[in-house]
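A.B. asks: my_file_18.pdb is the file, holding PDB, C-alpha atoms and all ligand atoms:
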ATOM      1  CA  MET A 259       0.000   0.000   0.000
ATOM      2  CA  SER A 260       1.392   3.407  -0.925
ATOM      3  CA  LYS A 261       2.090   5.867   1.847
ATOM      4  CA  PRO A 262      -0.079   9.007   2.162
ATOM      5  CA  ARG A 263       1.597  11.961   0.457
ATOM      6  CA  VAL A 264       1.954  15.014   2.678
ATOM      7  CA  ALA A 265       2.842  18.551   1.587
ATOM      8  CA  ILE A 266       3.511  21.503   3.889
ATOM      9  CA  PHE A 267       2.897  25.015   2.592
ATOM     10  CA  ASP A 268       3.445  28.416   4.174
ATOM     11  CA  PHE A 269       1.708  31.730   3.664
ATOM     12  CA  ALA A 270       2.067  34.935   5.773
ATOM     13  CA  CYS A 271       3.668  33.755   9.019
ATOM     14  CA  CYS A 272       6.862  33.584  11.034
ATOM     15  CA  GLU A 273       7.355  29.854  10.258
ATOM     16  CA  GLY A 274       7.452  29.140  13.988
ATOM     17  CA  CYS A 275       4.875  26.360  13.629
ATOM     18  CA  GLN A 276       6.982  24.586  11.011
ATOM     19  CA  LEU A 277       9.897  24.931  13.388
ATOM     20  CA  GLN A 278       7.850  23.038  15.965
ATOM     21  CA  ILE A 279       7.573  20.190  13.456
ATOM     22  CA  VAL A 280      11.305  20.263  12.735
ATOM     23  CA  ASN A 281      11.898  20.185  16.497
ATOM     24  CA  LEU A 282       9.985  16.918  16.883
ATOM     25  CA  GLU A 283      13.390  15.194  16.703
ATOM     26  CA  GLU A 284      13.015  11.376  17.029
ATOM     27  CA  GLU A 285       9.268  11.520  16.547
ATOM     28  CA  ILE A 286       9.636  13.172  13.169
ATOM     29  CA  LEU A 287      11.594  10.135  11.997
ATOM     30  CA  ASP A 288       8.668   7.871  12.987
ATOM     31  CA  LEU A 289       6.234  10.115  11.113
ATOM     32  CA  ILE A 290       8.423  10.386   8.047
ATOM     33  CA  GLY A 291       8.600   6.588   8.020
ATOM     34  CA  VAL A 292       4.844   6.273   7.489
ATOM     35  CA  VAL A 293       4.208   9.143   5.051
ATOM     36  CA  ASP A 294       5.807  10.494   1.903
ATOM     37  CA  VAL A 295       6.667  14.153   2.426
ATOM     38  CA  VAL A 296       6.472  15.445  -1.139
ATOM     39  CA  GLU A 297       6.879  19.203  -0.585
ATOM     40  CA  TRP A 298       8.140  21.220   2.381
ATOM     41  CA  ARG A 299      10.009  24.388   1.467
ATOM     42  CA  GLU A 300      11.548  24.816   4.907
ATOM     43  CA  ALA A 301      13.174  21.366   4.910
ATOM     44  CA  MET A 302      13.631  20.141   1.321
ATOM     45  CA  SER A 303      13.971  21.376  -2.259
ATOM     46  CA  GLU A 304      11.572  18.925  -4.011
ATOM     47  CA  GLN A 305       8.109  20.117  -5.059
ATOM     48  CA  SER A 306       4.975  18.232  -6.037
ATOM     49  CA  GLN A 307       1.513  18.886  -7.426
ATOM     50  CA  GLU A 308       0.196  15.596  -6.051
ATOM     51  CA  TYR A 309      -0.540  15.096  -2.374
ATOM     52  CA  ASP A 310      -3.207  13.666  -0.098
ATOM     53  CA  ILE A 311      -2.765  15.833   2.995
ATOM     54  CA  ALA A 312      -1.861  19.544   2.829
ATOM     55  CA  LEU A 313      -0.680  21.235   6.016
ATOM     56  CA  ILE A 314      -1.083  25.005   5.763
ATOM     57  CA  GLU A 315       0.817  27.460   7.910
ATOM     58  CA  GLY A 316       0.156  31.202   7.719
ATOM     59  CA  SER A 317      -2.685  33.539   6.878
ATOM     60  CA  ILE A 318      -3.987  34.721   3.543
ATOM     61  CA  THR A 319      -3.080  38.347   2.911
ATOM     62  CA  ARG A 320      -2.812  38.909  -0.857
ATOM     63  CA  PRO A 321      -4.974  38.129  -3.906
ATOM     64  CA  GLU A 322      -2.295  35.728  -5.195
ATOM     65  CA  ASP A 323      -2.420  33.905  -1.834
ATOM     66  CA  GLU A 324      -6.127  33.291  -2.410
ATOM     67  CA  GLU A 325      -5.474  31.779  -5.833
ATOM     68  CA  ARG A 326      -2.677  29.601  -4.437
ATOM     69  CA  ILE A 327      -4.699  28.260  -1.487
ATOM     70  CA  LYS A 328      -7.644  27.481  -3.784
ATOM     71  CA  GLU A 329      -5.312  25.467  -6.030
ATOM     72  CA  ILE A 330      -3.925  23.573  -3.010
ATOM     73  CA  ARG A 331      -7.470  22.882  -1.792
ATOM     74  CA  LYS A 332      -8.382  21.395  -5.186
ATOM     75  CA  ARG A 333      -5.467  18.961  -5.030
ATOM     76  CA  ALA A 334      -5.596  17.927  -1.351
ATOM     77  CA  LYS A 335      -7.995  15.312   0.014
ATOM     78  CA  ILE A 336      -7.460  16.656   3.535
ATOM     79  CA  LEU A 337      -6.467  20.222   4.348
ATOM     80  CA  VAL A 338      -5.200  21.068   7.833
ATOM     81  CA  ALA A 339      -4.681  24.638   9.114
ATOM     82  CA  LEU A 340      -1.599  24.817  11.277
ATOM     83  CA  GLY A 341      -1.242  27.462  13.987
ATOM     84  CA  ALA A 342      -3.044  30.696  14.835
ATOM     85  CA  CYS A 343      -2.054  32.496  11.611
ATOM     86  CA  ALA A 344      -3.868  29.831   9.594
ATOM     87  CA  THR A 345      -6.704  28.951  11.998
ATOM     88  CA  ILE A 346      -7.827  32.434  13.083
ATOM     89  CA  GLY A 347      -5.647  34.903  11.138
ATOM     90  CA  GLY A 348      -3.308  35.326  14.111
ATOM     91  CA  VAL A 349      -1.232  38.409  14.822
ATOM     92  CA  ASN A 350      -1.336  39.234  11.098
ATOM     93  CA  LYS A 351      -4.957  40.307  11.568
ATOM     94  CA  LEU A 352      -3.820  43.267  13.653
ATOM     95  CA  LYS A 353      -3.258  45.171  10.420
ATOM     96  CA  ASN A 354      -6.985  44.902   9.593
ATOM     97  CA  ASN A 355      -7.573  47.491  12.331
ATOM     98  CA  PHE A 356      -5.689  50.155  10.361
ATOM     99  CA  ASP A 357      -5.659  51.795   6.956
ATOM    100  CA  LEU A 358      -3.653  49.387   4.765
ATOM    101  CA  ASP A 359      -1.736  52.177   2.978
ATOM    102  CA  GLU A 360      -0.644  53.544   6.352
ATOM    103  CA  VAL A 361       0.427  50.045   7.433
ATOM    104  CA  LYS A 362       2.495  49.597   4.263
ATOM    105  CA  THR A 363       4.166  52.973   4.626
ATOM    106  CA  CYS A 364       4.929  52.241   8.262
ATOM    107  CA  VAL A 365       6.607  48.936   7.340
ATOM    108  CA  TYR A 366       8.197  49.647   3.956
ATOM    109  CA  GLY A 367       8.644  53.444   3.974
ATOM    110  CA  GLN A 368       9.234  54.892   0.517
ATOM    111  CA  ASP A 369       9.130  51.405  -1.071
ATOM    112  CA  ALA A 370       5.494  50.907   0.011
ATOM    113  CA  GLY A 371       4.128  51.458  -3.523
ATOM    114  CA  MET A 372       6.211  48.707  -5.126
ATOM    115  CA  PRO A 373       3.969  46.084  -6.778
ATOM    116  CA  HIS A 374       5.521  43.068  -5.063
ATOM    117  CA  LEU A 375       4.619  44.594  -1.670
ATOM    118  CA  ALA A 376       0.879  44.722  -2.452
ATOM    119  CA  THR A 377      -1.198  43.553   0.494
ATOM    120  CA  GLY A 378      -4.844  43.084   1.443
ATOM    121  CA  MET A 379      -6.964  42.337   4.482
ATOM    122  CA  THR A 380      -5.704  39.316   6.418
ATOM    123  CA  LYS A 381      -7.899  36.209   6.369
ATOM    124  CA  ALA A 382      -7.725  32.892   8.168
ATOM    125  CA  VAL A 383      -7.519  29.956   5.755
ATOM    126  CA  ASP A 384     -11.160  28.959   6.311
ATOM    127  CA  GLU A 385     -12.275  32.429   5.229
ATOM    128  CA  VAL A 386     -11.112  31.451   1.723
ATOM    129  CA  VAL A 387     -11.410  27.647   1.402
ATOM    130  CA  PRO A 388     -12.940  24.845   3.515
ATOM    131  CA  VAL A 389     -10.579  23.506   6.206
ATOM    132  CA  ASP A 390     -10.916  19.914   7.422
ATOM    133  CA  PHE A 391      -8.949  20.142  10.671
ATOM    134  CA  LYS A 392      -7.306  22.867  12.735
ATOM    135  CA  ILE A 393      -4.243  22.594  14.935
ATOM    136  CA  HIS A 394      -4.418  25.625  17.183
ATOM    137  CA  GLY A 395      -1.864  27.775  18.970
ATOM    138  CA  CYS A 396       0.960  30.221  18.414
ATOM    139  CA  PRO A 397       3.014  28.216  18.004
ATOM    140  CA  ILE A 398       1.311  24.825  17.688
ATOM    141  CA  ASP A 399       1.881  22.288  20.414
ATOM    142  CA  ARG A 400       4.196  19.518  19.160
ATOM    143  CA  LYS A 401       2.298  16.753  20.967
ATOM    144  CA  GLU A 402      -1.021  17.937  19.583
ATOM    145  CA  PHE A 403       0.454  18.059  16.077
ATOM    146  CA  THR A 404       1.693  14.468  16.371
ATOM    147  CA  TYR A 405      -1.660  13.356  17.771
ATOM    148  CA  VAL A 406      -3.654  14.965  14.940
ATOM    149  CA  VAL A 407      -1.369  13.586  12.214
ATOM    150  CA  ARG A 408      -1.493  10.084  13.728
ATOM    151  CA  CYS A 409      -5.314  10.257  13.857
ATOM    152  CA  LEU A 410      -5.465  11.302  10.202
ATOM    153  CA  LEU A 411      -3.150   8.483   9.172
ATOM    154  CA  MET A 412      -5.351   5.973  11.036
ATOM    155  CA  GLY A 413      -8.532   7.423   9.523
ATOM    156  CA  LYS A 414      -9.761   8.686  12.898
ATOM    157  CA  THR A 415     -11.182  12.108  13.707
ATOM    158  CA  PRO A 416      -8.936  13.938  16.172
ATOM    159  CA  VAL A 417     -10.650  15.242  19.276
ATOM    160  CA  ILE A 418      -9.665  18.840  19.965
ATOM    161  CA  PRO A 419     -10.842  20.302  23.304
ATOM    162  CA  ASP A 420     -13.819  22.590  23.054
ATOM    163  CA  TYR A 421     -13.835  23.824  26.613
ATOM    164  CA  PRO A 422     -12.039  26.864  28.010
ATOM    165  CA  VAL A 423      -8.419  27.159  29.169
ATOM    166  CA  CYS A 424      -9.777  27.783  32.694
ATOM    167  CA  VAL A 425     -10.663  24.084  32.961
ATOM    168  CA  GLU A 426      -7.033  23.014  32.497
ATOM    169  CA  CYS A 427      -5.822  25.935  34.606
ATOM    170  CA  LYS A 428      -8.076  25.074  37.560
ATOM    171  CA  ALA A 429      -7.021  21.419  37.354
ATOM    172  CA  LYS A 430      -3.431  22.596  37.828
ATOM    173  CA  GLU A 431      -4.509  24.664  40.857
ATOM    174  CA  ASN A 432      -2.901  27.839  39.486
ATOM    175  CA  VAL A 433      -3.667  31.122  41.220
ATOM    176  CA  CYS A 434      -5.925  33.006  38.790
ATOM    177  CA  ARG A 435      -4.157  35.821  36.918
ATOM    178  CA  TRP A 436      -7.180  38.046  37.578
ATOM    179  CA  GLU A 437      -6.036  38.054  41.218
ATOM    180  CA  TYR A 438      -2.972  39.928  39.929
ATOM    181  CA  ASN A 439      -5.150  42.479  38.062
ATOM    182  CA  GLU A 440      -4.354  40.855  34.715
ATOM    183  CA  VAL A 441      -7.034  40.401  32.072
ATOM    184  CA  CYS A 442      -6.759  36.687  31.315
ATOM    185  CA  LEU A 443      -8.779  35.404  28.345
ATOM    186  CA  GLY A 444      -8.900  31.849  29.723
ATOM    187  CA  PRO A 445     -12.708  31.788  30.243
ATOM    188  CA  ILE A 446     -13.432  32.197  26.509
ATOM    189  CA  ILE A 447     -10.372  30.597  24.823
ATOM    190  CA  ARG A 448     -10.086  26.974  23.663
ATOM    191  CA  ALA A 449      -8.089  24.658  25.919
ATOM    192  CA  GLY A 450      -5.567  22.083  24.743
ATOM    193  CA  CYS A 451      -2.344  23.861  25.642
ATOM    194  CA  GLY A 452      -2.423  22.654  29.252
ATOM    195  CA  ALA A 453      -2.993  26.279  30.359
ATOM    196  CA  ARG A 454       0.597  26.929  29.325
ATOM    197  CA  CYS A 455       0.640  30.666  30.057
ATOM    198  CA  PRO A 456      -1.158  30.849  33.431
ATOM    199  CA  SER A 457       0.985  27.915  34.550
ATOM    200  CA  THR A 458       4.073  30.074  33.985
ATOM    201  CA  ASN A 459       2.617  33.217  35.534
ATOM    202  CA  PHE A 460       1.329  34.875  32.356
ATOM    203  CA  ARG A 461      -2.242  35.617  31.401
ATOM    204  CA  CYS A 462      -3.819  33.736  28.481
ATOM    205  CA  PHE A 463      -3.736  36.076  25.476
ATOM    206  CA  GLY A 464      -5.947  33.958  23.238
ATOM    207  CA  CYS A 465      -3.701  32.162  20.743
ATOM    208  CA  ARG A 466      -5.956  29.093  20.397
ATOM    209  CA  GLY A 467      -9.031  31.101  19.420
ATOM    210  CA  TYR A 468     -12.463  31.024  20.982
ATOM    211  CA  VAL A 469     -14.278  27.955  22.212
ATOM    212  CA  GLU A 470     -17.383  27.233  20.110
ATOM    213  CA  ASN A 471     -19.806  28.521  22.713
ATOM    214  CA  PRO A 472     -17.883  30.813  25.034
ATOM    215  CA  ASN A 473     -19.531  31.378  28.375
ATOM    216  CA  VAL A 474     -19.846  35.114  27.896
ATOM    217  CA  GLU A 475     -22.000  35.540  30.996
ATOM    218  CA  ALA A 476     -19.342  33.901  33.184
ATOM    219  CA  ALA A 477     -16.682  36.144  31.610
ATOM    220  CA  LYS A 478     -18.838  39.197  32.416
ATOM    221  CA  GLU A 479     -19.213  38.036  36.011
ATOM    222  CA  VAL A 480     -15.429  37.723  36.345
ATOM    223  CA  MET A 481     -14.955  41.219  34.918
ATOM    224  CA  ASP A 482     -17.551  42.682  37.300
ATOM    225  CA  LYS A 483     -15.890  40.945  40.237
ATOM    226  CA  TYR A 484     -12.530  42.511  39.400
ATOM    227  CA  GLY A 485     -13.917  45.952  38.470
ATOM    228  CA  LEU A 486     -12.954  45.736  34.793
ATOM    229  CA  THR A 487     -14.986  46.599  31.731
ATOM    230  CA  ILE A 488     -15.879  44.863  28.499
ATOM    231  CA  ASP A 489     -13.605  47.341  26.716
ATOM    232  CA  ASP A 490     -10.666  46.095  28.826
ATOM    233  CA  LEU A 491     -11.413  42.579  27.619
ATOM    234  CA  LYS A 492     -11.932  43.567  23.970
ATOM    235  CA  GLN A 493      -8.620  45.407  23.939
ATOM    236  CA  LYS A 494      -6.853  42.204  24.995
ATOM    237  CA  MET A 495      -8.734  40.195  22.377
ATOM    238  CA  GLU A 496      -7.277  42.211  19.497
ATOM    239  CA  LEU A 497      -3.846  40.564  19.541
ATOM    240  CA  PHE A 498      -5.065  37.402  17.889
ATOM    241  CA  GLY A 499      -7.293  39.047  15.345
ATOM    242  CA  SER A 500     -10.407  38.060  17.113
ATOM    243  CA  LYS A 501     -12.013  41.227  18.333
ATOM    244  CA  GLN A 502     -15.038  40.753  16.082
ATOM    245  CA  GLU A 503     -16.273  37.701  18.018
ATOM    246  CA  PRO A 504     -17.701  36.485  20.243
ATOM    247  CA  THR A 505     -20.327  39.155  20.798
ATOM    248  CA  ILE A 506     -19.682  40.549  24.238
TER     249      ILE A 506
HETATM  250  S1  LIG B   1       0.913  30.802  14.574
HETATM  251 FE1  LIG B   1       2.528  31.949  15.648
HETATM  252  S2  LIG B   1       4.329  30.607  15.604
HETATM  253 FE2  LIG B   1       2.863  29.838  14.068
HETATM  254  S3  LIG B   1       3.510  30.822  12.185
HETATM  255 FE3  LIG B   1       1.930  32.127  13.071
HETATM  256  S4  LIG B   1       3.059  33.650  14.291
HETATM  257 FE4  LIG B   1       4.465  31.982  13.844
HETATM  258  S1  LIG B   2      -8.943  33.250  34.000
HETATM  259 FE1  LIG B   2      -6.903  32.584  33.341
HETATM  260  S2  LIG B   2      -5.686  32.387  35.212
HETATM  261 FE2  LIG B   2      -7.857  32.467  35.813
HETATM  262  S3  LIG B   2      -8.479  30.319  35.911
HETATM  263 FE3  LIG B   2      -8.959  31.021  33.846
HETATM  264  S4  LIG B   2      -7.173  30.510  32.651
HETATM  265 FE4  LIG B   2      -6.551  30.390  34.787
HETATM  266  S1  LIG B   3      -2.745  29.857  27.735
HETATM  267 FE1  LIG B   3      -3.808  30.966  26.099
HETATM  268  S2  LIG B   3      -2.232  32.170  25.069
HETATM  269 FE2  LIG B   3      -1.187  30.618  26.313
HETATM  270  S3  LIG B   3      -0.840  28.902  24.933
HETATM  271 FE3  LIG B   3      -2.791  28.525  25.956
HETATM  272  S4  LIG B   3      -4.358  29.417  24.605
HETATM  273 FE4  LIG B   3      -2.368  30.247  23.968
END
Using structure tokens, write down the structure that the file contains.
Ligand code: SF4
Ligand code: SF4
Ligand code: SF4
C.D. replies:
Amino acid sequence: MSKPRVAIFDFACCEGCQLQIVNLEEEILDLIGVVDVVEWREAMSEQSQEYDIALIEGSITRPEDEERIKEIRKRAKILVALGACATIGGVNKLKNNFDLDEVKTCVYGQDAGMPHLATGMTKAVDEVVPVDFKIHGCPIDRKEFTYVVRCLLMGKTPVIPDYPVCVECKAKENVCRWEYNEVCLGPIIRAGCGARCPSTNFRCFGCRGYVENPNVEAAKEVMDKYGLTIDDLKQKMELFGSKQEPTI
């Protein structure tokens, strides 16, 4: 039986999620043994137009990106969005809050008008093409990546937590960051990271995106208790391009 062909593609991103894959060390050898990696710019020079699983890192920011991702979608049987840039637009979505010409001038100065620097509103991958599975986080969690890929290879549907970070945080008996006057997004953000940030004395800043049905009322109660406003919370939600939702 032929091995499933896997291709990894990047769009607008820092490539930190691909680095997580490279850093899998021994485990990557096991994975490479059971799949054919046919394209992966960061790690090899070969290219291919034929693949079964496409792993997509990065967000869609230019018209040519849209054409490229549509082409990839046509070829891939399974398309997986990898990391916050791909799953929710990530930090790249910050630019959507500003005038794009101003953003370009700020970044590129007098070169801003050059055609190869054209840019558009940032989109998550599923704002352009259907996505079959999402591996959340900025960067992705290596264990979760391995788990999802193994599930796909065995024909199983991976189970990604759809409850808030607070659940994992409470299980670890962390002192809540709100007690330190920090606006932690844990009540409305998807778990699965093991409450990585609150467990190392940082607030959750939302890199895994919202749970499907965030408990907005509970979040409001927490804000009232600590004398903060909805605007305080919305300000913190902007970092990961998610200030439009949920409705708070
Ligand atoms: S999700 Fe984060 S780590 Fe991954 S590519 Fe985007 S910015 Fe980099
Ligand atoms: S709000 Fe943040 S620190 Fe508090 S329990 Fe939830 S995840 Fe933990
Ligand atoms: S605690 Fe929040 S910001 Fe930190 S890794 Fe988890 S989801 Fe991302």
A.B. asks: Give me the residues near A:Val469 as number ranges by chain, where near means some atom within 9 Å (using all atoms listed in the file) and where sequence neighbours in that chain fewer than 6 positions away do not count.
C.D. replies: A: 419-422, 446-449
A.B. asks: Mind pulling up the distance from atom CA of A:Thr319 to atom CA of A:Lys381?
C.D. replies: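 So the two atoms, atom CA of A:Lys381 and atom CA of A:Thr319, lie 6.3 Å apart.
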A.B. asks: Write out as a tab-separated table the residues of chain A that have any atom within 10 Å of an atom of ligand LIG 3 (chain B), one row each with the nearest atom pair and its distance in Å to one decimal, counting only C-alpha atoms and all ligand atoms, sorted by chain and then rising number.
C.D. replies:
residue	atom	partner	partner_atom	distance
A:Ala342	CA	B:LIG3	FE4	9.2
A:His394	CA	B:LIG3	S4	8.3
A:Gly395	CA	B:LIG3	FE4	5.6
A:Cys396	CA	B:LIG3	FE4	6.5
A:Pro397	CA	B:LIG3	S3	8.0
A:Ile398	CA	B:LIG3	S3	8.6
A:Asp399	CA	B:LIG3	S3	8.5
A:Pro422	CA	B:LIG3	S4	8.8
A:Val423	CA	B:LIG3	S1	6.4
A:Cys424	CA	B:LIG3	S1	8.9
A:Glu426	CA	B:LIG3	S1	9.4
A:Cys427	CA	B:LIG3	S1	8.5
A:Cys442	CA	B:LIG3	FE1	8.3
A:Leu443	CA	B:LIG3	FE1	7.0
A:Gly444	CA	B:LIG3	FE1	6.3
A:Pro445	CA	B:LIG3	FE1	9.9
A:Ile446	CA	B:LIG3	S4	9.7
A:Ile447	CA	B:LIG3	S4	6.1
A:Arg448	CA	B:LIG3	S4	6.3
A:Ala449	CA	B:LIG3	S4	6.2
A:Gly450	CA	B:LIG3	FE3	7.1
A:Cys451	CA	B:LIG3	FE3	4.7
A:Gly452	CA	B:LIG3	FE3	6.7
A:Ala453	CA	B:LIG3	S1	4.4
A:Arg454	CA	B:LIG3	S1	4.7
A:Cys455	CA	B:LIG3	FE2	4.2
A:Pro456	CA	B:LIG3	S1	6.0
A:Ser457	CA	B:LIG3	S1	8.0
A:Thr458	CA	B:LIG3	S1	9.3
A:Phe460	CA	B:LIG3	FE2	7.8
A:Arg461	CA	B:LIG3	S1	6.8
A:Cys462	CA	B:LIG3	FE1	3.7
A:Phe463	CA	B:LIG3	S2	4.2
A:Gly464	CA	B:LIG3	S2	4.5
A:Cys465	CA	B:LIG3	FE4	4.0
A:Arg466	CA	B:LIG3	S4	4.5
A:Gly467	CA	B:LIG3	S4	7.2
A:Tyr468	CA	B:LIG3	S4	9.0
A:Phe498	CA	B:LIG3	S2	9.3
A.B. asks: Restricting the calculation to only C-alpha atoms, which member of A:Val280, A:Met412, A:Leu289, A:Ile314 is positioned closest to A:Val389?
C.D. replies: A:Ile314
A.B. asks: Quick one: which residues end up in the PyMOL selection byres (((chain A and resi 344) around 10) and not hetatm) for this structure, as a PyMOL selection string?
C.D. replies: chain A and resi 268-271+313-318+338-343+345-348+350+381-385+389+392-395
A.B. asks: Could you state the separation of atom CA of A:Met481 and atom S2 of ligand LIG 1 (chain B) in Å, given to one decimal place?
C.D. replies: 29.3 Å
A.B. asks: Selection in question (the file shown): the PyMOL selection byres (((chain A and resi 297-312) around 9) and not hetatm). Which residues does it include, as a ChimeraX atom specification?
C.D. replies: /A:262-268,273,276-277,280,294-296,313-314,330-331,333-339,410
A.B. asks: How far is it from atom CA of A:Glu440 to atom CA of A:Lys483, in Å with one decimal?
C.D. replies: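 That distance, rounded to one decimal, is 12.8 Å.
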A.B. asks: Measuring atom to atom with only C-alpha atoms, identify which of A:Val387, A:Ile327, A:Leu358, A:Cys434 is nearest to A:Leu375.
C.D. replies: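 Under the stated criterion, the closest residue is A:Leu358.
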A.B. asks: Give the answer as one residue: which of A:Lys353, A:Arg400, A:Asp482, A:Glu431 has the shortest atom-to-atom distance to A:Gly274, using all atoms listed in the file?
C.D. replies: A:Arg400
A.B. asks: Run the PyMOL selection byres (((chain A and resi 320) around 6) and not hetatm) against the file shown and list the residues it catches, as a PyMOL selection string.
C.D. replies: chain A and resi 319+321-323+377-378
A.B. asks: Write the residues of the preceding selection, restricted to C-alpha atoms, as a PDB file, in the coordinates of the input.
C.D. replies:
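Below is the file that was written, part-v6.pdb:
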ATOM      1  CA  THR A 319      -3.080  38.347   2.911  1.00  0.00           C
ATOM      2  CA  PRO A 321      -4.974  38.129  -3.906  1.00  0.00           C
ATOM      3  CA  GLU A 322      -2.295  35.728  -5.195  1.00  0.00           C
ATOM      4  CA  ASP A 323      -2.420  33.905  -1.834  1.00  0.00           C
ATOM      5  CA  THR A 377      -1.198  43.553   0.494  1.00  0.00           C
ATOM      6  CA  GLY A 378      -4.844  43.084   1.443  1.00  0.00           C
TER       7      GLY A 378
END
A.B. asks: Nearest to ligand LIG 2 (chain B): which of A:Glu496, A:Glu285, A:Glu437, A:Glu479 is it, counting only C-alpha atoms and all ligand atoms?
C.D. replies: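 Of A:Glu496, A:Glu285, A:Glu437, A:Glu479, the one nearest ligand LIG 2 (chain B) is A:Glu437, counting only C-alpha atoms and all ligand atoms.
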A.B. asks: Between A:Val406, A:Cys364, A:Leu497, A:Leu491, which residue has the minimum interatomic distance to ligand LIG 1 (chain B), considering all atoms listed in the file?
C.D. replies: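 So, comparing all the options, the nearest one is A:Leu497.
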A.B. asks: Using 3 Å of padding on each side, determine the axis-aligned box around all atoms of ligand LIG 1 (chain B) present in the file and give its centre and edge lengths in Å to one decimal, as lines of an AutoDock Vina configuration file.
C.D. replies:
center_x = 2.7
center_y = 31.7
center_z = 13.9
size_x = 9.6
size_y = 9.8
size_z = 9.5
A.B. asks: Under the rule that only C-alpha atoms and all ligand atoms are counted, which of A:Val407, A:Val441, A:Met379, A:Ile290 is the nearest residue to ligand LIG 2 (chain B)?
C.D. replies: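 Looking only at the distances to ligand LIG 2 (chain B), the closest residue turns out to be A:Val441.
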